[in-house]
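This is input25.txt. It holds compact mmCIF, C-alpha atoms.
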# COMPACT_ATOMS: atom_id res chain seq x y z
CA MET P 3 44.35 -0.91 -3.18
CA ALA P 4 40.58 -1.00 -3.29
CA HIS P 5 40.57 -0.59 0.44
CA ASP P 6 38.27 2.43 0.62
CA THR P 7 35.58 0.82 -1.59
CA THR P 8 35.48 -2.64 -0.02
CA LEU P 9 33.78 -2.60 3.34
CA THR P 10 34.01 -5.06 6.19
CA PRO P 11 30.75 -6.92 6.90
CA GLU P 12 30.05 -4.65 9.88
CA GLU P 13 30.61 -1.48 7.88
CA ALA P 14 28.43 -2.80 5.04
CA SER P 15 25.69 -3.61 7.51
CA LYS P 16 25.93 -0.17 9.13
CA LYS P 17 25.75 1.46 5.71
CA GLN P 18 22.67 -0.60 4.82
CA ILE P 19 20.91 0.30 8.05
CA ARG P 20 21.64 3.97 7.37
CA THR P 21 20.13 3.61 3.88
CA ILE P 22 17.02 1.96 5.37
CA TRP P 23 16.43 4.86 7.76
CA LYS P 24 17.11 7.40 5.03
CA VAL P 25 14.45 5.79 2.81
CA ALA P 26 12.04 5.66 5.76
CA GLY P 27 12.57 9.37 6.38
CA LEU P 28 12.04 10.11 2.72
CA LEU P 29 8.75 8.17 2.65
CA ALA P 30 7.56 10.10 5.72
CA VAL P 31 8.52 13.45 4.18
CA VAL P 32 6.75 12.66 0.88
CA THR P 33 3.61 11.65 2.78
CA LEU P 34 3.71 14.94 4.71
CA ILE P 35 4.06 16.86 1.43
CA GLU P 36 1.00 15.01 0.10
CA PHE P 37 -0.90 16.08 3.21
CA ALA P 38 0.11 19.68 2.71
CA ILE P 39 -1.02 19.59 -0.92
CA ALA P 40 -4.35 17.92 -0.02
CA PHE P 41 -5.30 20.99 2.04
CA SER P 42 -3.90 23.65 -0.27
CA PRO P 43 -6.02 25.39 -2.89
CA VAL P 44 -4.43 23.78 -5.92
CA ASN P 45 -6.36 22.99 -9.09
CA GLN P 46 -7.97 19.51 -8.78
CA THR P 47 -6.50 18.09 -12.00
CA LEU P 48 -3.02 19.31 -11.07
CA LYS P 49 -3.50 17.83 -7.59
CA ILE P 50 -4.26 14.41 -9.03
CA PHE P 51 -1.15 14.50 -11.19
CA ILE P 52 1.01 15.55 -8.22
CA PHE P 53 -0.47 12.80 -6.02
CA VAL P 54 0.02 10.10 -8.64
CA GLY P 55 3.57 11.32 -9.30
CA LEU P 56 4.51 11.35 -5.59
CA THR P 57 2.90 7.93 -5.11
CA ILE P 58 5.07 6.52 -7.88
CA VAL P 59 8.12 8.08 -6.17
CA LYS P 60 7.17 6.36 -2.91
CA ALA P 61 6.48 3.07 -4.72
CA ALA P 62 9.87 3.27 -6.44
CA TYR P 63 11.67 3.62 -3.10
CA ILE P 64 9.70 0.81 -1.43
CA VAL P 65 10.20 -1.58 -4.34
CA GLY P 66 13.75 -0.48 -5.14
CA GLU P 67 15.25 -0.33 -1.65
CA PHE P 68 12.97 -2.22 0.77
CA MET P 69 12.19 -5.01 -1.67
CA HIS P 70 15.74 -4.79 -2.99
CA LEU P 71 14.63 -4.84 -6.62
CA ARG P 72 17.09 -2.10 -7.57
CA HIS P 73 19.96 -4.46 -6.74
CA GLU P 74 18.57 -7.45 -8.63
CA VAL P 75 19.49 -8.62 -12.14
CA LYS P 76 18.31 -6.48 -15.06
CA PHE P 77 16.00 -9.26 -16.35
CA LEU P 78 14.18 -9.51 -13.04
CA ILE P 79 13.78 -5.73 -12.78
CA TRP P 80 12.19 -5.50 -16.20
CA SER P 81 9.94 -8.54 -15.88
CA ILE P 82 8.36 -6.83 -12.85
CA LEU P 83 8.42 -3.25 -14.13
CA LEU P 84 7.15 -3.69 -17.69
CA PRO P 85 3.71 -5.10 -16.76
CA MET P 86 3.33 -2.44 -14.04
CA ILE P 87 4.04 0.37 -16.51
CA PHE P 88 1.06 -0.84 -18.56
CA VAL P 89 -1.05 -0.99 -15.41
CA CYS P 90 -0.16 2.63 -14.54
CA TRP P 91 -1.20 3.64 -18.03
CA LEU P 92 -4.49 1.74 -17.58
CA ILE P 93 -5.22 3.56 -14.31
CA VAL P 94 -4.63 6.98 -15.86
CA ALA P 95 -6.51 6.07 -19.07
CA LEU P 96 -9.63 4.90 -17.25
CA ILE P 97 -9.64 7.87 -14.85
CA VAL P 98 -9.74 10.08 -17.95
CA GLU P 99 -12.41 7.88 -19.54
CA GLY P 100 -14.50 8.04 -16.35
CA GLY P 101 -14.72 11.79 -16.77
CA SER P 102 -16.52 11.27 -20.08
CA ILE P 103 -19.29 9.07 -18.63
CA HIS P 104 -22.32 10.82 -17.22
CA MET S 8 33.37 -24.30 -34.67
CA ALA S 9 30.76 -26.97 -34.30
CA SER S 10 32.17 -27.81 -30.93
CA THR S 11 31.90 -24.19 -29.72
CA ILE S 12 28.25 -24.11 -30.73
CA THR S 13 27.57 -27.30 -28.77
CA ALA S 14 29.38 -25.82 -25.81
CA ASP S 15 27.35 -22.58 -26.01
CA THR S 16 24.13 -24.54 -26.37
CA LYS S 17 25.02 -26.45 -23.26
CA ILE S 18 25.66 -23.25 -21.32
CA ASN S 19 22.36 -21.65 -22.30
CA TRP S 20 19.99 -24.57 -22.61
CA GLY S 21 21.52 -27.39 -20.62
CA GLY S 22 20.01 -26.26 -17.38
CA GLY S 23 21.72 -25.20 -14.19
CA ASN S 24 21.58 -21.59 -15.32
CA GLU S 25 20.23 -18.78 -13.17
CA PRO S 26 19.34 -15.92 -15.47
CA PHE S 27 17.57 -14.07 -12.64
CA LYS S 28 20.27 -14.79 -10.03
CA ALA S 29 17.52 -15.36 -7.48
CA SER S 30 16.36 -18.51 -5.70
CA TYR S 31 13.23 -20.31 -6.85
CA GLY S 32 11.24 -19.25 -3.79
CA LYS S 33 12.12 -15.58 -4.10
CA LEU S 34 11.42 -15.54 -7.82
CA MET S 35 8.02 -17.15 -7.37
CA MET S 36 7.21 -14.68 -4.58
CA TRP S 37 7.98 -11.87 -7.03
CA PHE S 38 5.69 -13.34 -9.67
CA PHE S 39 2.94 -13.98 -7.15
CA LEU S 40 3.20 -10.35 -6.04
CA LEU S 41 3.01 -9.23 -9.65
CA SER S 42 -0.23 -11.17 -10.13
CA ASP S 43 -1.54 -9.83 -6.83
CA ALA S 44 -0.69 -6.34 -8.04
CA PHE S 45 -2.93 -7.01 -11.06
CA THR S 46 -5.82 -7.85 -8.75
CA PHE S 47 -5.37 -4.66 -6.75
CA SER S 48 -4.94 -2.58 -9.88
CA SER S 49 -8.17 -3.92 -11.31
CA LEU S 50 -9.93 -2.72 -8.15
CA LEU S 51 -8.22 0.68 -8.30
CA VAL S 52 -8.83 1.04 -12.03
CA SER S 53 -12.54 0.41 -11.63
CA TYR S 54 -12.60 2.77 -8.64
CA GLY S 55 -10.97 5.50 -10.73
CA LEU S 56 -13.41 4.98 -13.58
CA VAL S 57 -16.52 5.05 -11.38
CA ARG S 58 -15.29 7.88 -9.17
CA PHE S 59 -14.72 10.23 -12.09
CA SER S 60 -17.95 9.24 -13.81
CA PHE S 61 -19.77 10.98 -10.92
CA PRO S 62 -19.80 14.77 -10.73
CA ALA S 63 -17.75 16.56 -8.09
CA PHE S 64 -19.35 19.08 -5.75
CA SER S 65 -19.31 22.48 -7.39
CA GLY S 66 -21.22 24.70 -4.99
CA PRO S 67 -22.94 26.90 -4.13
CA GLY S 68 -22.03 27.04 -0.44
CA THR S 69 -19.94 24.59 1.55
CA PHE S 70 -19.75 20.91 0.77
CA GLU S 71 -22.59 18.69 2.04
CA PHE S 72 -23.02 14.93 1.68
CA SER S 73 -25.42 14.02 -1.11
CA HIS S 74 -26.20 11.12 -3.41
CA GLU S 75 -25.79 13.54 -6.32
CA TRP S 76 -22.03 13.99 -6.16
CA TRP S 77 -18.92 12.11 -5.08
CA PRO S 78 -17.88 12.89 -1.47
CA VAL S 79 -14.75 14.84 -0.57
CA PRO S 80 -12.53 12.34 1.30
CA GLU S 81 -11.31 14.81 3.93
CA ARG S 82 -14.94 15.35 4.94
CA VAL S 83 -15.69 11.63 5.20
CA PHE S 84 -12.56 10.56 7.04
CA GLU S 85 -12.23 13.27 9.65
CA ALA S 86 -12.58 11.36 12.90
CA PHE S 87 -9.91 10.49 15.43
CA PRO S 88 -10.45 8.35 18.54
CA GLY S 89 -11.26 10.55 21.52
CA MET S 90 -11.34 13.80 19.58
CA HIS S 91 -14.76 14.86 20.88
CA ALA S 92 -13.52 14.42 24.44
CA LEU S 93 -10.71 16.84 23.59
CA GLY S 94 -13.19 19.28 22.04
CA ILE S 95 -11.87 18.90 18.49
CA GLU S 96 -14.58 19.07 15.86
CA SER S 97 -12.76 17.57 12.91
CA ALA S 98 -9.36 16.03 12.24
CA PRO S 99 -9.40 15.40 8.48
CA LEU S 100 -7.22 12.50 7.28
CA VAL S 101 -5.19 12.53 10.52
CA PHE S 102 -6.18 9.00 11.51
CA VAL S 103 -5.47 7.56 8.08
CA GLY S 104 -2.15 9.43 8.13
CA LEU S 105 -1.33 7.69 11.40
CA MET S 106 -2.25 4.34 9.84
CA THR S 107 0.06 5.05 6.90
CA PHE S 108 2.86 5.93 9.29
CA ILE S 109 2.33 2.70 11.28
CA LEU S 110 2.44 0.56 8.14
CA ILE S 111 5.55 2.29 6.77
CA MET S 112 7.26 1.84 10.15
CA SER S 113 6.41 -1.86 10.19
CA SER S 114 7.90 -2.08 6.70
CA VAL S 115 11.08 -0.48 8.06
CA THR S 116 11.29 -2.96 10.95
CA MET S 117 10.75 -5.77 8.43
CA VAL S 118 13.66 -4.65 6.27
CA LEU S 119 15.77 -4.36 9.44
CA ALA S 120 14.86 -7.99 10.23
CA VAL S 121 15.98 -9.01 6.73
CA GLU S 122 19.22 -7.10 7.23
CA ALA S 123 19.81 -8.83 10.58
CA GLY S 124 19.13 -12.14 8.83
CA HIS S 125 21.97 -11.46 6.41
CA ARG S 126 24.28 -11.19 9.41
CA GLY S 127 22.73 -14.32 10.91
CA SER S 128 21.91 -12.52 14.14
CA LYS S 129 19.03 -14.54 15.57
CA GLU S 130 18.21 -12.14 18.44
CA GLU S 131 17.94 -9.14 16.16
CA VAL S 132 15.78 -10.98 13.62
CA GLU S 133 13.48 -11.97 16.50
CA LYS S 134 13.31 -8.41 17.80
CA TRP S 135 12.52 -6.78 14.45
CA MET S 136 10.08 -9.50 13.37
CA LEU S 137 8.19 -9.01 16.62
CA TRP S 138 7.97 -5.24 16.03
CA THR S 139 6.72 -5.92 12.50
CA ILE S 140 3.98 -8.20 13.82
CA ILE S 141 2.98 -5.62 16.43
CA GLY S 142 2.86 -2.93 13.73
CA GLY S 143 0.59 -5.12 11.60
CA LEU S 144 -1.75 -5.81 14.50
CA VAL S 145 -1.96 -2.11 15.43
CA PHE S 146 -2.78 -1.29 11.81
CA LEU S 147 -5.56 -3.90 11.79
CA GLY S 148 -6.94 -2.44 15.02
CA CYS S 149 -6.95 1.03 13.47
CA GLN S 150 -8.76 -0.29 10.44
CA ALA S 151 -11.40 -1.94 12.63
CA TRP S 152 -12.00 1.42 14.32
CA GLU S 153 -12.14 3.22 10.97
CA TRP S 154 -14.63 0.71 9.55
CA THR S 155 -16.81 0.96 12.67
CA HIS S 156 -16.87 4.73 12.38
CA PHE S 157 -17.66 4.54 8.68
CA ILE S 158 -20.51 2.06 9.25
CA VAL S 159 -22.03 3.90 12.24
CA GLY S 160 -21.90 7.27 10.49
CA THR S 161 -22.27 10.88 11.61
CA GLU S 162 -24.63 12.18 14.29
CA HIS S 163 -26.81 14.19 11.89
CA GLY S 164 -26.96 11.57 9.13
CA LEU S 165 -28.17 12.29 5.63
CA THR S 166 -31.79 13.35 5.09
CA PHE S 167 -33.15 12.96 1.60
CA GLN S 168 -36.40 12.49 -0.30
CA GLU S 169 -37.22 9.26 -2.04
CA LEU S 170 -40.07 8.23 -4.34
CA ILE S 171 -41.69 5.12 -2.83
CA ASN S 172 -44.93 3.76 -4.41
CA GLY S 173 -45.61 7.11 -6.05
CA GLU S 174 -45.16 9.12 -2.86
CA TRP S 175 -42.25 11.30 -1.81
CA VAL S 176 -40.93 10.07 1.51
CA THR S 177 -38.35 11.91 3.60
CA ARG S 178 -35.84 9.58 5.19
CA THR S 179 -32.63 9.92 7.21
CA ILE S 180 -29.84 7.36 6.97
CA TYR S 181 -26.75 7.02 9.14
CA GLY S 182 -23.44 5.59 8.02
CA ALA S 183 -22.82 3.28 5.13
CA ASN S 184 -23.14 -0.37 4.21
CA LEU S 185 -23.45 -2.27 0.95
CA VAL S 186 -27.06 -1.11 0.47
CA GLU S 187 -27.13 2.47 1.73
CA ASN S 188 -24.55 5.22 1.96
CA GLU S 189 -24.79 8.42 3.93
CA TYR S 190 -21.66 9.98 2.42
CA GLY S 191 -22.45 9.89 -1.28
CA PRO S 192 -23.24 7.60 -4.20
CA GLN S 193 -23.52 3.91 -3.29
CA PRO S 194 -20.38 2.79 -5.21
CA PHE S 195 -18.28 4.93 -2.88
CA ALA S 196 -19.16 2.73 0.11
CA ASP S 197 -18.94 -0.48 -1.94
CA PHE S 198 -15.44 0.37 -3.13
CA PHE S 199 -14.40 1.45 0.34
CA PHE S 200 -15.39 -1.92 1.82
CA PHE S 201 -13.95 -3.90 -1.07
CA ILE S 202 -10.60 -2.17 -1.49
CA THR S 203 -9.70 -1.49 2.15
CA GLY S 204 -11.20 -4.87 3.06
CA PHE S 205 -9.14 -6.72 0.49
CA HIS S 206 -6.04 -4.87 1.63
CA GLY S 207 -6.87 -5.49 5.29
CA PHE S 208 -7.20 -9.20 4.55
CA HIS S 209 -3.72 -9.09 3.01
CA VAL S 210 -2.41 -7.41 6.16
CA PHE S 211 -4.11 -10.08 8.25
CA SER S 212 -2.57 -12.94 6.27
CA GLY S 213 0.76 -11.09 6.36
CA VAL S 214 0.60 -10.97 10.16
CA VAL S 215 -0.19 -14.70 10.27
CA ILE S 216 2.68 -15.57 7.90
CA ASN S 217 5.03 -13.23 9.79
CA TYR S 218 4.09 -14.97 13.01
CA ILE S 219 4.84 -18.42 11.55
CA ILE S 220 8.25 -17.21 10.38
CA PHE S 221 8.88 -15.50 13.73
CA TYR S 222 8.02 -18.75 15.50
CA ASN S 223 10.44 -20.65 13.25
CA VAL S 224 13.18 -18.09 13.95
CA MET S 225 12.63 -18.61 17.68
CA LEU S 226 12.84 -22.39 17.24
CA GLY S 227 16.15 -21.88 15.44
CA THR S 228 14.96 -23.48 12.19
CA TYR S 229 16.76 -20.97 9.99
CA GLU S 230 19.87 -20.95 12.16
CA ARG S 231 20.15 -24.71 11.58
CA ARG S 232 19.45 -24.20 7.89
CA GLY S 233 22.23 -21.63 7.77
CA SER S 234 20.12 -19.08 5.88
CA TYR S 235 17.42 -16.60 6.81
CA GLU S 236 16.04 -16.43 3.29
CA MET S 237 12.51 -17.21 4.49
CA VAL S 238 12.56 -13.89 6.34
CA GLU S 239 13.45 -12.23 3.05
CA LYS S 240 10.54 -13.89 1.20
CA VAL S 241 7.97 -12.98 3.81
CA GLY S 242 9.56 -9.54 3.84
CA LEU S 243 8.81 -9.16 0.14
CA TYR S 244 5.15 -9.93 0.83
CA TRP S 245 5.01 -7.50 3.74
CA HIS S 246 6.54 -4.66 1.72
CA PHE S 247 4.03 -5.35 -1.02
CA VAL S 248 1.20 -4.90 1.47
CA ASP S 249 2.73 -1.57 2.45
CA LEU S 250 3.08 -0.65 -1.22
CA VAL S 251 -0.58 -1.36 -1.90
CA TRP S 252 -1.56 0.84 1.04
CA VAL S 253 0.48 3.69 -0.45
CA PHE S 254 -1.71 3.42 -3.56
CA VAL S 255 -4.96 2.99 -1.63
CA PHE S 256 -4.04 6.03 0.46
CA THR S 257 -3.51 8.15 -2.64
CA PHE S 258 -6.51 7.03 -4.65
CA PHE S 259 -9.02 6.72 -1.85
CA TYR S 260 -8.07 9.38 0.65
CA LEU S 261 -6.25 12.07 -1.32
CA VAL S 262 -7.64 12.19 -4.88
Translate the structure described by the file into structure tokens.
Amino acid sequence: MAHDTTLTPEEASKKQIRTIWKVAGLLAVVTLIEFAIAFSPVNQTLKIFIFVGLTIVKAAYIVGEFMHLRHEVKFLIWSILLPMIFVCWLIVALIVEGGSIH
Amino acid sequence: MASTITADTKINWGGGNEPFKASYGKLMMWFFLLSDAFTFSSLLVSYGLVRFSFPAFSGPGTFEFSHEWWPVPERVFEAFPGMHALGIESAPLVFVGLMTFILIMSSVTMVLAVEAGHRGSKEEVEKWMLWTIIGGLVFLGCQAWEWTHFIVGTEHGLTFQELINGEWVTRTIYGANLVENEYGPQPFADFFFFITGFHGFHVFSGVVINYIIFYNVMLGTYERRGSYEMVEKVGLYWHFVDLVWVFVFTFFYLV
């Protein structure tokens, strides 16, 4: 009945390996995009926002797929994510604050 | 009713529960990594604050190194081994891009080792662990080269005037250390050594731990144990090191 959704161990393993390479390709592509933006004449503030955004995308894929967090229990996901959300806010807040010190 | 409450209490508070559905070792690795992430964020937060408290170069003319303004990263990190022999003047951020690629690839081989561990395939775990270790060592080698280049400095150096004992003295400095910095304000060099150094030390310990696990895989320790979970735990650490580099790359080399 559920034949097409349940995979044999070999098929599951093949599927996982494919996912791994897909994520690797994605990380490489995002890094190349960052390179392209670094040398393009974009406004500096906008650049920083793009870089931070793309970095969070890369971090999400590394933590979610490579570190398998996406497939863990909801409690574990949130106990790791919640503190990091505050840290991201702190980074942005102090970068803005730094601009006010001279 | 009273009996149901006792039963529920037993289920939730009697122990033997796994609310996180993860083994003790893996869970503690996650919490260690979280605390380690705090340490790295404190470094990056202070870097961000100090970096933006200095003015950026605003002309006129093309960018030059000066103690007055924060350096442009693609002008500082523009060297590649052997580029002068090939007649290339500058290769901005290419070397650090290569380093990023190496570390991401070693993260991929690590996750492939974990995947092979799930299947219990000893040979494949050995193969991918070995590639991961090689990737880590190559990265460390690249960092050693990058540090050397950063410390030695450019050929022309930075010439500036300095007030010593009431007299203006013209001086030229080459490269950067914890006391002097050719590329810009002193905190730039200090943060460079601290942040990439702290990350490099993590890579180094990761390589050592990976090697210990690799050695145990070869001895068949985990095959006898019937589980390759140790590979998973060390994998978590290794991915974290890669993750930190992604942030260092953005904040230090791109922004």
Once you count all atoms listed in the file, which residues of chain P turn out to be within 7 Å of chain S? Could you give them as a list of chain:residue names?
->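 Taking all atoms listed in the file into account, P:Ile22, P:Ala26, P:Ala40, P:Ile50, P:Phe53, P:Thr57, P:Ala61, P:Ile64, P:Phe68, P:Met69, P:Val75, P:Phe77, P:Leu78, P:Ile82, P:Val89, P:Ile93, P:Leu96, P:Ile97, P:Glu99, P:Gly100, P:Gly101, P:Ser102, P:Ile103, P:His104 sit within 7 Å of chain S.
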For the atom pair CA of Gly227 (chain S) and CA of Val145 (chain S), what is the interatomic distance in Å to one decimal place?
->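 Between CA of Gly227 (chain S) and CA of Val145 (chain S) the gap is 26.8 Å.
Proximity of S:Tyr190, S:Phe146, S:Phe87, S:Tyr222 to Thr203 (chain S), computed with only C-alpha atoms, is greatest for S:Phe146.
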Kindly give the distance, in Å, that separates CA of Val59 (chain P) and CA of Val32 (chain P), rounded to a single decimal.
->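 One can read the CA of Val59 (chain P) to CA of Val32 (chain P) distance as 8.5 Å.
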Show me, as lines of an AutoDock Vina configuration file, the centre and edge lengths in Å to one decimal of the axis-aligned box that covers every listed atom of region 236-241 of chain S with 6 Å on each side.
center_x = 12.0
center_y = -14.7
center_z = 3.8
size_x = 20.1
size_y = 17.0
size_z = 17.1
Straight-line distance linking CA of Gly182 (chain S) with CA of Ala151 (chain S), stated in Å to one decimal |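 Computing it gives 14.9 Å between the two atoms.
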So which one's closest to Asp197 (chain S), S:Val241, S:Ile158, S:Ala98, S:Leu165? Using all atoms listed in the file, please.
->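 The shortest atom-to-atom distance to Asp197 (chain S) comes from S:Ile158.
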May I have the residues within 10 Å of Gly124 (chain S) as a PDB file with C-alpha atoms, in the frame of the given file, using all atoms listed in the file and disregarding those fewer than 2 positions away in the same chain?
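File around-v5.pdb, as written:
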ATOM      1  CA  VAL S 118      13.660  -4.650   6.270  1.00  0.00           C
ATOM      2  CA  LEU S 119      15.770  -4.360   9.440  1.00  0.00           C
ATOM      3  CA  ALA S 120      14.860  -7.990  10.230  1.00  0.00           C
ATOM      4  CA  VAL S 121      15.980  -9.010   6.730  1.00  0.00           C
ATOM      5  CA  GLU S 122      19.220  -7.100   7.230  1.00  0.00           C
ATOM      6  CA  ARG S 126      24.280 -11.190   9.410  1.00  0.00           C
ATOM      7  CA  GLY S 127      22.730 -14.320  10.910  1.00  0.00           C
ATOM      8  CA  SER S 128      21.910 -12.520  14.140  1.00  0.00           C
ATOM      9  CA  LYS S 129      19.030 -14.540  15.570  1.00  0.00           C
ATOM     10  CA  GLU S 130      18.210 -12.140  18.440  1.00  0.00           C
ATOM     11  CA  GLU S 131      17.940  -9.140  16.160  1.00  0.00           C
ATOM     12  CA  VAL S 132      15.780 -10.980  13.620  1.00  0.00           C
ATOM     13  CA  GLU S 133      13.480 -11.970  16.500  1.00  0.00           C
ATOM     14  CA  VAL S 224      13.180 -18.090  13.950  1.00  0.00           C
ATOM     15  CA  TYR S 229      16.760 -20.970   9.990  1.00  0.00           C
ATOM     16  CA  GLU S 230      19.870 -20.950  12.160  1.00  0.00           C
ATOM     17  CA  SER S 234      20.120 -19.080   5.880  1.00  0.00           C
ATOM     18  CA  TYR S 235      17.420 -16.600   6.810  1.00  0.00           C
ATOM     19  CA  GLU S 236      16.040 -16.430   3.290  1.00  0.00           C
ATOM     20  CA  MET S 237      12.510 -17.210   4.490  1.00  0.00           C
ATOM     21  CA  VAL S 238      12.560 -13.890   6.340  1.00  0.00           C
ATOM     22  CA  GLU S 239      13.450 -12.230   3.050  1.00  0.00           C
TER      23      GLU S 239
END
Choose the residue, out of P:Gly66, P:Gln46, P:Ser81, P:Ile35, that has the smallest atom-to-atom separation from Thr21 (chain P); count only C-alpha atoms.
->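 Of P:Gly66, P:Gln46, P:Ser81, P:Ile35, the one nearest Thr21 (chain P) is P:Gly66, counting only C-alpha atoms.
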Please provide as a PyMOL selection string all residues within 10 Å of Phe199 (chain S), with the sequence filter that same-chain residues fewer than 4 positions apart are discarded (counting only C-alpha atoms).
-> chain S and resi 54+154+157+183-185+194-195+203-205+255+259
Which of P:Leu34, P:Ala62, P:Glu12, P:Val54 sits closest to Cys90 (chain P) [using only C-alpha atoms] |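 The answer is P:Val54, which sits nearest to Cys90 (chain P).
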Counting all atoms listed in the file, the residue among S:Glu153, S:Glu96, S:Glu71, S:Glu85 that lies closest to Thr166 (chain S) is S:Glu71
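The shortest atom-to-atom distance to Val79 (chain S), with only C-alpha atoms taken into account, belongs to P:Phe41 out of P:Arg20, P:Leu71, P:Val31, P:Phe41.
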